[in-house]
Structure formats: structure tokens, C-alpha cells
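**Student:** Please find my_file.json (JSON, C-alpha atoms) on the next line:
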[["chain", "number", "residue", "atom", "x", "y", "z"],
["A", 1, "MET", "CA", 141.48, 90.02, 150.46],
["A", 2, "LYS", "CA", 142.05, 86.27, 150.70],
["A", 3, "ARG", "CA", 139.54, 86.03, 153.55],
["A", 4, "LEU", "CA", 136.94, 87.88, 151.49],
["A", 5, "LEU", "CA", 137.43, 85.53, 148.54],
["A", 6, "LEU", "CA", 137.16, 82.54, 150.87],
["A", 7, "ILE", "CA", 133.85, 83.82, 152.25],
["A", 8, "LEU", "CA", 132.46, 84.51, 148.78],
["A", 9, "VAL", "CA", 133.29, 80.96, 147.72],
["A", 10, "PHE", "CA", 132.17, 79.27, 150.95],
["A", 11, "ILE", "CA", 128.69, 80.82, 151.35],
["A", 12, "PRO", "CA", 127.29, 79.84, 147.89],
["A", 13, "SER", "CA", 128.72, 76.33, 148.22],
["A", 14, "LEU", "CA", 127.07, 75.96, 151.62],
["A", 15, "LEU", "CA", 123.70, 77.04, 150.23],
["A", 16, "PHE", "CA", 123.89, 74.63, 147.32],
["A", 17, "ALA", "CA", 125.04, 71.80, 149.53],
["A", 18, "GLN", "CA", 121.95, 72.21, 151.72],
["A", 19, "LYS", "CA", 119.54, 72.33, 148.81],
["A", 20, "PRO", "CA", 116.81, 69.73, 149.46],
["A", 21, "LYS", "CA", 115.48, 67.50, 146.74],
["A", 22, "PHE", "CA", 112.17, 68.75, 145.43],
["A", 23, "PRO", "CA", 109.56, 66.29, 146.73],
["A", 24, "TYR", "CA", 106.57, 66.90, 144.44],
["A", 25, "GLU", "CA", 105.38, 66.12, 140.94],
["A", 26, "LEU", "CA", 102.17, 66.39, 138.96],
["A", 27, "ASP", "CA", 100.14, 63.46, 137.66],
["A", 28, "LYS", "CA", 97.82, 64.36, 134.79],
["A", 29, "MET", "CA", 94.98, 62.03, 135.75],
["A", 30, "GLN", "CA", 95.13, 62.99, 139.42],
["A", 31, "GLU", "CA", 95.06, 66.70, 138.56],
["A", 32, "VAL", "CA", 91.98, 66.12, 136.39],
["A", 33, "TYR", "CA", 90.25, 64.39, 139.32],
["A", 34, "LEU", "CA", 91.19, 67.15, 141.75],
["A", 35, "TYR", "CA", 90.10, 70.03, 139.53],
["A", 36, "GLY", "CA", 87.01, 68.08, 138.49],
["A", 37, "THR", "CA", 86.00, 67.48, 142.09],
["A", 38, "GLY", "CA", 86.53, 71.13, 142.94],
["A", 39, "ALA", "CA", 84.51, 72.26, 139.95],
["A", 40, "THR", "CA", 81.71, 69.81, 140.83],
["A", 41, "LEU", "CA", 81.50, 71.14, 144.38],
["A", 42, "TRP", "CA", 81.39, 74.74, 143.22],
["A", 43, "GLY", "CA", 78.82, 73.82, 140.58],
["A", 44, "SER", "CA", 76.55, 72.26, 143.20],
["A", 45, "TYR", "CA", 76.91, 75.41, 145.28],
["A", 46, "PHE", "CA", 75.86, 77.70, 142.41],
["A", 47, "ILE", "CA", 72.93, 75.47, 141.47],
["A", 48, "GLY", "CA", 71.67, 75.08, 145.04],
["A", 49, "GLY", "CA", 72.20, 78.75, 145.85],
["A", 50, "LYS", "CA", 69.63, 79.81, 143.24],
["A", 51, "TRP", "CA", 66.79, 78.34, 145.29],
["A", 52, "LYS", "CA", 68.05, 79.13, 148.76],
["A", 53, "SER", "CA", 66.60, 81.99, 150.80],
["A", 54, "SER", "CA", 67.54, 83.36, 154.21],
["A", 55, "LEU", "CA", 65.48, 82.87, 157.36],
["A", 56, "SER", "CA", 62.46, 85.14, 157.69],
["A", 57, "LYS", "CA", 61.11, 87.03, 160.70],
["A", 58, "GLU", "CA", 58.50, 84.34, 161.23],
["A", 59, "ASP", "CA", 61.18, 81.63, 161.30],
["A", 60, "ILE", "CA", 63.36, 83.46, 163.80],
["A", 61, "LEU", "CA", 60.56, 84.34, 166.24],
["A", 62, "ASP", "CA", 60.09, 80.64, 166.93],
["A", 63, "PHE", "CA", 63.77, 80.07, 167.80],
["A", 64, "ASN", "CA", 64.67, 78.97, 171.31],
["A", 65, "PRO", "CA", 68.30, 78.56, 172.45],
["A", 66, "ASN", "CA", 67.24, 75.59, 174.56],
["A", 67, "ASN", "CA", 66.58, 73.69, 171.34],
["A", 68, "VAL", "CA", 70.26, 73.94, 170.42],
["A", 69, "ASN", "CA", 72.49, 71.06, 171.55],
["A", 70, "ILE", "CA", 74.26, 71.67, 174.86],
["A", 71, "ILE", "CA", 77.73, 71.84, 173.30],
["A", 72, "ASP", "CA", 76.80, 74.69, 170.95],
["A", 73, "ARG", "CA", 74.20, 76.48, 173.04],
["A", 74, "PHE", "CA", 76.53, 79.02, 174.67],
["A", 75, "ALA", "CA", 77.23, 80.65, 171.29],
["A", 76, "CYS", "CA", 73.58, 81.72, 171.02],
["A", 77, "TYR", "CA", 74.25, 84.55, 173.47],
["A", 78, "ASN", "CA", 77.29, 85.96, 171.65],
["A", 79, "TYR", "CA", 77.28, 88.90, 169.28],
["A", 80, "ASN", "CA", 79.99, 91.35, 168.27],
["A", 81, "LYS", "CA", 79.78, 93.00, 164.86],
["A", 82, "SER", "CA", 83.20, 94.66, 164.99],
["A", 83, "LEU", "CA", 84.83, 91.37, 165.99],
["A", 84, "ASN", "CA", 83.19, 89.68, 163.02],
["A", 85, "ASN", "CA", 84.46, 92.40, 160.67],
["A", 86, "THR", "CA", 87.97, 91.90, 162.00],
["A", 87, "ARG", "CA", 88.01, 88.13, 161.60],
["A", 88, "GLU", "CA", 86.69, 88.44, 158.04],
["A", 89, "LEU", "CA", 89.85, 90.38, 157.19],
["A", 90, "PHE", "CA", 91.87, 87.30, 158.14],
["A", 91, "GLU", "CA", 90.73, 85.40, 155.04],
["A", 92, "PRO", "CA", 92.27, 87.63, 152.33],
["A", 93, "ILE", "CA", 95.35, 88.27, 154.47],
["A", 94, "SER", "CA", 95.84, 84.55, 155.09],
["A", 95, "THR", "CA", 95.40, 83.68, 151.41],
["A", 96, "THR", "CA", 97.79, 86.42, 150.29],
["A", 97, "LEU", "CA", 100.43, 85.28, 152.77],
["A", 98, "ALA", "CA", 99.97, 81.64, 151.75],
["A", 99, "ILE", "CA", 100.42, 82.43, 148.05],
["A", 100, "GLY", "CA", 103.47, 84.54, 148.83],
["A", 101, "ALA", "CA", 104.99, 81.87, 151.07],
["A", 102, "ALA", "CA", 104.36, 79.11, 148.53],
["A", 103, "THR", "CA", 105.99, 81.19, 145.80],
["A", 104, "MET", "CA", 109.00, 82.01, 147.95],
["A", 105, "MET", "CA", 109.52, 78.36, 148.89],
["A", 106, "ALA", "CA", 109.39, 77.31, 145.25],
["A", 107, "ILE", "CA", 111.84, 80.00, 144.20],
["A", 108, "ASN", "CA", 114.13, 79.52, 147.20],
["A", 109, "ASN", "CA", 114.33, 75.82, 146.43],
["A", 110, "ILE", "CA", 115.38, 76.53, 142.83],
["A", 111, "TYR", "CA", 118.87, 77.61, 141.98],
["A", 112, "ARG", "CA", 119.65, 76.50, 138.43],
["A", 113, "GLU", "CA", 117.03, 74.53, 136.58],
["A", 114, "ASP", "CA", 113.32, 73.79, 136.30],
["A", 115, "LYS", "CA", 112.21, 77.12, 137.73],
["A", 116, "MET", "CA", 108.83, 77.25, 136.07],
["A", 117, "TYR", "CA", 108.09, 73.56, 136.62],
["A", 118, "LYS", "CA", 108.45, 73.79, 140.40],
["A", 119, "LEU", "CA", 106.44, 76.98, 140.53],
["A", 120, "VAL", "CA", 103.71, 75.31, 138.46],
["A", 121, "VAL", "CA", 103.69, 72.22, 140.69],
["A", 122, "ILE", "CA", 103.28, 74.13, 143.97],
["A", 123, "GLY", "CA", 100.87, 76.57, 142.32],
["A", 124, "ASN", "CA", 98.64, 73.76, 141.11],
["A", 125, "MET", "CA", 98.78, 72.03, 144.47],
["A", 126, "TYR", "CA", 97.66, 75.17, 146.28],
["A", 127, "LEU", "CA", 94.91, 75.99, 143.79],
["A", 128, "GLU", "CA", 93.52, 72.45, 143.87],
["A", 129, "GLY", "CA", 93.38, 72.47, 147.65],
["A", 130, "LEU", "CA", 91.81, 75.92, 147.65],
["A", 131, "LEU", "CA", 89.07, 74.80, 145.24],
["A", 132, "LEU", "CA", 88.35, 71.69, 147.30],
["A", 133, "THR", "CA", 88.29, 73.50, 150.64],
["A", 134, "THR", "CA", 86.11, 76.40, 149.52],
["A", 135, "GLY", "CA", 84.01, 74.17, 147.29],
["A", 136, "VAL", "CA", 83.03, 71.66, 149.97],
["A", 137, "THR", "CA", 82.49, 74.54, 152.41],
["A", 138, "GLN", "CA", 80.13, 76.50, 150.16],
["A", 139, "ALA", "CA", 78.26, 73.40, 148.98],
["A", 140, "THR", "CA", 77.72, 72.29, 152.57],
["A", 141, "LYS", "CA", 76.50, 75.73, 153.62],
["A", 142, "THR", "CA", 74.02, 75.71, 150.75],
["A", 143, "TYR", "CA", 72.40, 72.38, 151.58],
["A", 144, "THR", "CA", 72.57, 72.19, 155.38],
["A", 145, "ASN", "CA", 70.66, 75.45, 156.01],
["A", 146, "ARG", "CA", 71.82, 75.80, 159.64],
["A", 147, "ALA", "CA", 70.85, 79.03, 161.40],
["A", 148, "ARG", "CA", 73.65, 81.19, 162.80],
["A", 149, "PRO", "CA", 73.89, 81.57, 166.59],
["A", 150, "TYR", "CA", 72.89, 85.24, 166.61],
["A", 151, "THR", "CA", 69.48, 84.36, 165.19],
["A", 152, "TYR", "CA", 68.71, 82.79, 168.60],
["A", 153, "ASN", "CA", 69.83, 85.86, 170.53],
["A", 154, "ASN", "CA", 66.74, 87.56, 171.96],
["A", 155, "ASN", "CA", 68.83, 90.55, 173.05],
["A", 156, "LEU", "CA", 69.16, 91.58, 169.41],
["A", 157, "THR", "CA", 66.58, 93.32, 167.29],
["A", 158, "ILE", "CA", 64.81, 91.40, 164.53],
["A", 159, "LYS", "CA", 66.62, 93.57, 162.00],
["A", 160, "GLN", "CA", 70.00, 92.46, 163.36],
["A", 161, "ARG", "CA", 68.97, 88.83, 163.17],
["A", 162, "ILE", "CA", 67.61, 88.95, 159.61],
["A", 163, "THR", "CA", 70.59, 88.94, 157.25],
["A", 164, "ASN", "CA", 71.23, 87.48, 153.81],
["A", 165, "ASP", "CA", 73.34, 84.62, 155.15],
["A", 166, "ASN", "CA", 71.71, 83.97, 158.52],
["A", 167, "ASN", "CA", 71.23, 80.27, 157.68],
["A", 168, "GLU", "CA", 74.79, 79.51, 156.53],
["A", 169, "SER", "CA", 76.36, 78.62, 159.86],
["A", 170, "PHE", "CA", 77.55, 75.09, 159.06],
["A", 171, "PHE", "CA", 80.34, 74.96, 158.61],
["A", 172, "SER", "CA", 82.73, 77.88, 159.12],
["A", 173, "GLY", "CA", 84.31, 78.91, 155.83],
["A", 174, "ASN", "CA", 86.62, 81.35, 157.56],
["A", 175, "THR", "CA", 87.99, 78.58, 159.77],
["A", 176, "SER", "CA", 88.33, 76.01, 156.99],
["A", 177, "LEU", "CA", 90.25, 78.46, 154.78],
["A", 178, "MET", "CA", 92.50, 79.62, 157.61],
["A", 179, "PHE", "CA", 93.41, 76.06, 158.58],
["A", 180, "TYR", "CA", 93.90, 75.07, 154.95],
["A", 181, "ASN", "CA", 96.35, 77.91, 154.34],
["A", 182, "SER", "CA", 98.23, 77.33, 157.58],
["A", 183, "VAL", "CA", 98.55, 73.56, 157.29],
["A", 184, "PHE", "CA", 99.36, 73.59, 153.57],
["A", 185, "ILE", "CA", 102.23, 76.06, 153.98],
["A", 186, "ALA", "CA", 103.57, 74.30, 157.08],
["A", 187, "LYS", "CA", 103.42, 70.89, 155.38],
["A", 188, "VAL", "CA", 105.15, 72.08, 152.20],
["A", 189, "PHE", "CA", 107.83, 73.81, 154.27],
["A", 190, "THR", "CA", 108.36, 70.63, 156.28],
["A", 191, "ASP", "CA", 108.72, 68.53, 153.13],
["A", 192, "ILE", "CA", 111.09, 70.92, 151.36],
["A", 193, "TYR", "CA", 113.17, 71.77, 154.42],
["A", 194, "PRO", "CA", 112.84, 68.69, 156.68],
["A", 195, "ASN", "CA", 115.75, 69.69, 158.92],
["A", 196, "SER", "CA", 114.86, 73.33, 159.39],
["A", 197, "ARG", "CA", 114.78, 74.68, 162.94],
["A", 198, "TYR", "CA", 111.90, 76.97, 161.93],
["A", 199, "THR", "CA", 109.44, 74.15, 161.22],
["A", 200, "LYS", "CA", 107.82, 74.10, 164.66],
["A", 201, "TRP", "CA", 107.47, 77.89, 164.64],
["A", 202, "ILE", "CA", 105.72, 77.88, 161.26],
["A", 203, "TRP", "CA", 103.32, 75.16, 162.40],
["A", 204, "GLY", "CA", 102.74, 76.88, 165.74],
["A", 205, "ALA", "CA", 102.21, 80.38, 164.36],
["A", 206, "GLY", "CA", 99.87, 79.23, 161.59],
["A", 207, "LEU", "CA", 97.72, 77.07, 163.84],
["A", 208, "ALA", "CA", 97.61, 79.73, 166.57],
["A", 209, "TRP", "CA", 96.37, 82.34, 164.09],
["A", 210, "SER", "CA", 93.78, 79.91, 162.73],
["A", 211, "CYS", "CA", 92.55, 79.06, 166.22],
["A", 212, "THR", "CA", 92.27, 82.78, 167.00],
["A", 213, "SER", "CA", 90.08, 83.23, 163.93],
["A", 214, "ALA", "CA", 87.92, 80.28, 164.99],
["A", 215, "TYR", "CA", 87.53, 81.75, 168.49],
["A", 216, "MET", "CA", 86.47, 85.09, 167.01],
["A", 217, "SER", "CA", 83.91, 83.35, 164.82],
["A", 218, "ILE", "CA", 82.25, 81.95, 167.94],
["A", 219, "GLN", "CA", 82.54, 85.10, 170.03],
["A", 220, "SER", "CA", 81.06, 87.22, 167.24],
["A", 221, "GLY", "CA", 77.94, 85.05, 167.26],
["A", 222, "HIS", "CA", 78.37, 83.89, 163.67],
["A", 223, "HIS", "CA", 79.33, 80.25, 164.30],
["A", 224, "PHE", "CA", 78.78, 77.45, 166.78],
["A", 225, "LEU", "CA", 81.65, 75.45, 168.24],
["A", 226, "SER", "CA", 80.79, 72.48, 166.01],
["A", 227, "ASP", "CA", 80.95, 74.77, 162.96],
["A", 228, "VAL", "CA", 84.53, 75.83, 163.60],
["A", 229, "LEU", "CA", 85.67, 72.36, 164.66],
["A", 230, "THR", "CA", 84.34, 70.93, 161.40],
["A", 231, "GLY", "CA", 85.94, 73.74, 159.41],
["A", 232, "ALA", "CA", 89.27, 73.17, 161.12],
["A", 233, "VAL", "CA", 89.19, 69.43, 160.36],
["A", 234, "ILE", "CA", 88.18, 69.89, 156.70],
["A", 235, "GLY", "CA", 90.70, 72.64, 156.00],
["A", 236, "GLY", "CA", 93.47, 70.91, 157.91],
["A", 237, "LEU", "CA", 92.96, 67.56, 156.17],
["A", 238, "VAL", "CA", 92.98, 69.10, 152.70],
["A", 239, "GLY", "CA", 96.03, 71.22, 153.53],
["A", 240, "TYR", "CA", 97.91, 68.18, 154.81],
["A", 241, "PHE", "CA", 96.99, 65.56, 152.24],
["A", 242, "ILE", "CA", 97.22, 67.62, 149.04],
["A", 243, "PRO", "CA", 101.04, 67.79, 149.33],
["A", 244, "ILE", "CA", 101.24, 64.09, 150.23],
["A", 245, "MET", "CA", 99.17, 63.16, 147.19],
["A", 246, "HIS", "CA", 101.73, 64.93, 145.01],
["A", 247, "TYR", "CA", 104.82, 63.19, 146.38],
["A", 248, "ARG", "CA", 107.21, 61.90, 143.78],
["A", 249, "LYS", "CA", 107.09, 58.14, 143.53],
["A", 250, "ASP", "CA", 110.62, 57.88, 144.90],
["A", 251, "PHE", "CA", 110.11, 60.42, 147.68],
["A", 252, "LYS", "CA", 110.54, 58.86, 151.10],
["A", 253, "PHE", "CA", 108.29, 60.15, 153.85],
["A", 254, "LYS", "CA", 110.45, 60.73, 156.96],
["A", 255, "ASN", "CA", 113.13, 58.65, 155.22],
["A", 256, "LYS", "CA", 111.16, 55.51, 155.94],
["A", 257, "PHE", "CA", 107.95, 55.29, 153.93],
["A", 258, "LYS", "CA", 106.86, 55.88, 150.38],
["A", 259, "CYS", "CA", 103.48, 57.50, 149.89],
["A", 260, "TYR", "CA", 100.75, 57.51, 147.32],
["A", 261, "GLY", "CA", 97.37, 59.19, 147.13],
["A", 262, "SER", "CA", 94.48, 59.84, 144.80],
["A", 263, "ILE", "CA", 91.15, 61.62, 144.85],
["A", 264, "LYS", "CA", 88.29, 61.43, 142.37],
["A", 265, "PRO", "CA", 84.53, 61.93, 142.13],
["A", 266, "GLN", "CA", 82.42, 58.81, 142.56],
["A", 267, "ILE", "CA", 78.75, 58.08, 141.93],
["A", 268, "VAL", "CA", 77.09, 56.64, 145.04],
["A", 269, "PRO", "CA", 73.48, 55.42, 145.53],
["A", 270, "ASN", "CA", 72.31, 58.70, 147.06],
["A", 271, "GLY", "CA", 74.25, 61.12, 144.86],
["A", 272, "LEU", "CA", 77.80, 62.23, 144.19],
["A", 273, "GLY", "CA", 80.65, 61.36, 146.53],
["A", 274, "ILE", "CA", 84.43, 61.69, 146.72],
["A", 275, "ASN", "CA", 86.82, 58.73, 146.68],
["A", 276, "LEU", "CA", 90.00, 59.52, 148.61],
["A", 277, "ALA", "CA", 92.81, 56.98, 148.76],
["A", 278, "PHE", "CA", 96.07, 57.31, 150.67],
["A", 279, "GLY", "CA", 98.68, 54.80, 151.70],
["A", 280, "LEU", "CA", 102.18, 54.19, 152.97],
["A", 281, "TYR", "CA", 104.36, 51.30, 151.88]]
Represent the structure of the file as C-alpha cells.
**Tutor:**
Amino acid sequence: MKRLLLILVFIPSLLFAQKPKFPYELDKMQEVYLYGTGATLWGSYFIGGKWKSSLSKEDILDFNPNNVNIIDRFACYNYNKSLNNTRELFEPISTTLAIGAATMMAINNIYREDKMYKLVVIGNMYLEGLLLTTGVTQATKTYTNRARPYTYNNNLTIKQRITNDNNESFFSGNTSLMFYNSVFIAKVFTDIYPNSRYTKWIWGAGLAWSCTSAYMSIQSGHHFLSDVLTGAVIGGLVGYFIPIMHYRKDFKFKNKFKCYGSIKPQIVPNGLGINLAFGLY
């Protein structure tokens, strides 16, 4: 009986003793900039999408794989409809898992107080990053007008090559979202549990799954190599820097640096740009 009581007292005290200090906070002005930038990107997508049309039969008949740069050219000969359907399932699964993981980390890091605040902080961080990642992806697709690899594939019928989104190759939205979800969750986990032995496994598993999705995007004939590389960089950067931009002012990065960050829309000579600032001191 004494041993049982000792265990019941020891386990909770061990859990509370290992509780990490919550590293994030919200800044009203920064959140306005982040949501505003996301809304601007999505707005540009909706406006531009009204006038955009897919490639016609006449356009596609003139396509020649030899006109594609040598790095991307190999993708012009790929096509696998079932593989494309499979990789498209990764997006909702990845997003669902990311939301669930973010919620669990917030709850697991809360034992007594500020439950809703910490859930709101991580929830806002994830939503802001999601809006930025998907917003810049969709806006870019709308205005770049890049033909998908399968439109160059002469082994396919014209009907297979004429689809509603056959000129939305650049850049891969599937890849950008997968890398955003994976990197965001891994980064938040690393910040909340800096000494966890599971950190490398979370990073490894998330990035491996994202790379698999990128590979399938190329093999299915829906994206070029440069499309998925760009998507990986965009999604990964947003997923990594959104948590850093929300560090508390007294939070020490790797117990050595303090971090700050900000993002906001900015008017530039040729249109609308994004001002991103990040620093260590």
C-alpha cells in the first residue's frame, strides 16, 4: 500500500517538474499584419482567377518537351492518374493530423492555468501560416500560368491533356501544404519539448512523408521538379518562421539567443510585396 501511494505521488510530481515553459505569445499588430497578408494573397487569387482560363487544344498541340528546361524535362513523360488521386488525399490527412497534433501539444503543455490562451496562441499561429502558405501558392498559380507536365505528353489523348487546371503547375500546392504542416508541427514540438528524444523522429517522419508526396506529384505528371522544390521551400519557411515570430520576448532560442520577427504587406514600385524581418540578438 505504501509503495502504491509513493508511485501515485511520484508520477504527477515528475510530470509537473518536466513541464516546459510555454514559448509563444500573440502580438496584436503582428497578427493584423499576418492575417492581412493572408487575406490580400487570397483576394488576389480570387480576382485573378475570374479572368483565367485553361489551355486549349490549339495551345497544347504546339507543345514540345524539348522546349522545357533540361532539369524539368523528364517529368513531361510521366502520367499516373491513380497516383495523383492518392497524393491528393495526403493534403486533408496532413492538415487533420497537424491540427490534432497542435491541439494535443497545447493541451499537454497545460496543467493548471491559461488553457484557452495557449490553445488560442497555437491555433492562431497555425491558421496564419496556413493562410500565408495556401494564399501565396494559389496567387502564384493564378498569375504564372505554367502548363503541367502531362500537357507535353504526346502519349496521352488530347482529352486527357485538356483539364480545368492544366496551366496551374507552378508551384505545387500539395507540396507546400505538406511541408508547412510537417515543419510547423516539428518546430512547435521542438520549442515546447526541447529535450525530447522524439524530436528527430517527428522531424524525420514529417519530412519523409512530405518528400513522398512531392515525388508522387512528379511521377503522376502533375508537377515539374522545380514546382515541388519551390513548394517545399515556401511551405517549409512559413512553417519554421511562424513559430519563431511568435516567441515571447524573454524566450531564449537554444538557451543562447533571443529572437524577434515581423511580417507585413508593403507597397513596392511594381505592386504589392511582403516585408519579412527576423533577427537574433
**Student:** Report, in Å with one decimal, the straight-line distance from atom CA of A:Tyr35 to atom CA of A:Gly135.
**Tutor:**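 Rounded to one decimal, the two atoms are 10.7 Å apart.
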**Student:** Can you work out which one of A:Phe179, A:Trp209, A:Tyr152, A:Phe184 has the shortest atom-to-atom distance to A:Leu127, counting only C-alpha atoms?
**Tutor:**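 Counting only C-alpha atoms, the residue closest to A:Leu127 is A:Phe184.
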**Student:** For each of A:Leu131, A:Leu229, A:Val68, A:Ala102, take the minimum atom-to-atom distance to A:Leu41, counting all atoms listed in the file, then give the residue where this is smallest.
**Tutor:** A:Leu131
**Student:** In Å, rounded to a single decimal, give me how far atom CA of A:Gln219 is from atom CA of A:Ala139.
**Tutor:**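 Separation of atom CA of A:Ala139 and atom CA of A:Gln219: 24.5 Å.
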**Student:** When you count all atoms listed in the file, which of these residues is closest to A:Ser172: A:Val121, A:Val228, A:Ala205, A:Met105?
**Tutor:**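 Result for the nearest residue to A:Ser172: A:Val228.
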**Student:** Have stretch 134-157 of chain A completed to N, CA and C atoms, please, and pass it along as a short mmCIF file (atom, residue, chain, number, x, y, z; two decimals), keeping the file's coordinate frame.
**Tutor:**
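Written output follows (selection.cif):
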data_model
loop_
_atom_site.label_atom_id
_atom_site.label_comp_id
_atom_site.auth_asym_id
_atom_site.auth_seq_id
_atom_site.Cartn_x
_atom_site.Cartn_y
_atom_site.Cartn_z
N THR A 134 87.20 75.42 149.66
CA THR A 134 86.11 76.40 149.52
C THR A 134 84.89 75.76 148.88
N GLY A 135 85.12 74.81 147.96
CA GLY A 135 84.01 74.17 147.29
C GLY A 135 83.16 73.34 148.23
N VAL A 136 83.80 72.50 149.05
CA VAL A 136 83.03 71.66 149.97
C VAL A 136 82.40 72.53 151.06
N THR A 137 83.06 73.63 151.42
CA THR A 137 82.49 74.54 152.41
C THR A 137 81.21 75.20 151.89
N GLN A 138 81.28 75.78 150.71
CA GLN A 138 80.13 76.50 150.16
C GLN A 138 78.98 75.55 149.82
N ALA A 139 79.32 74.37 149.30
CA ALA A 139 78.26 73.40 148.98
C ALA A 139 77.55 72.94 150.24
N THR A 140 78.32 72.72 151.31
CA THR A 140 77.72 72.29 152.57
C THR A 140 76.83 73.38 153.15
N LYS A 141 77.30 74.61 153.12
CA LYS A 141 76.50 75.73 153.62
C LYS A 141 75.17 75.82 152.87
N THR A 142 75.22 75.57 151.58
CA THR A 142 74.02 75.71 150.75
C THR A 142 72.95 74.69 151.11
N TYR A 143 73.37 73.46 151.40
CA TYR A 143 72.40 72.38 151.58
C TYR A 143 72.07 72.03 153.03
N THR A 144 72.88 72.51 153.98
CA THR A 144 72.57 72.19 155.38
C THR A 144 71.58 73.18 155.99
N ASN A 145 71.67 74.46 155.59
CA ASN A 145 70.66 75.45 156.01
C ASN A 145 70.63 75.68 157.53
N ARG A 146 71.77 75.63 158.19
CA ARG A 146 71.82 75.80 159.64
C ARG A 146 71.82 77.29 160.03
N ALA A 147 70.95 77.65 160.94
CA ALA A 147 70.85 79.03 161.40
C ALA A 147 72.09 79.43 162.19
N ARG A 148 72.50 80.69 162.06
CA ARG A 148 73.65 81.19 162.80
C ARG A 148 73.25 81.43 164.26
N PRO A 149 74.21 81.40 165.17
CA PRO A 149 73.89 81.57 166.59
C PRO A 149 73.15 82.86 166.92
N TYR A 150 73.51 83.96 166.26
CA TYR A 150 72.89 85.24 166.61
C TYR A 150 71.39 85.29 166.30
N THR A 151 70.91 84.37 165.46
CA THR A 151 69.48 84.36 165.19
C THR A 151 68.68 83.88 166.40
N TYR A 152 69.36 83.24 167.37
CA TYR A 152 68.71 82.79 168.60
C TYR A 152 68.81 83.82 169.72
N ASN A 153 69.55 84.89 169.48
CA ASN A 153 69.83 85.86 170.53
C ASN A 153 68.67 86.85 170.68
N ASN A 154 67.90 86.70 171.74
CA ASN A 154 66.74 87.56 171.96
C ASN A 154 67.10 88.98 172.40
N ASN A 155 68.38 89.21 172.69
CA ASN A 155 68.83 90.55 173.05
C ASN A 155 69.05 91.43 171.83
N LEU A 156 68.99 90.83 170.65
CA LEU A 156 69.16 91.58 169.41
C LEU A 156 67.81 91.92 168.81
N THR A 157 67.80 92.95 167.99
CA THR A 157 66.58 93.32 167.29
C THR A 157 66.35 92.33 166.14
#
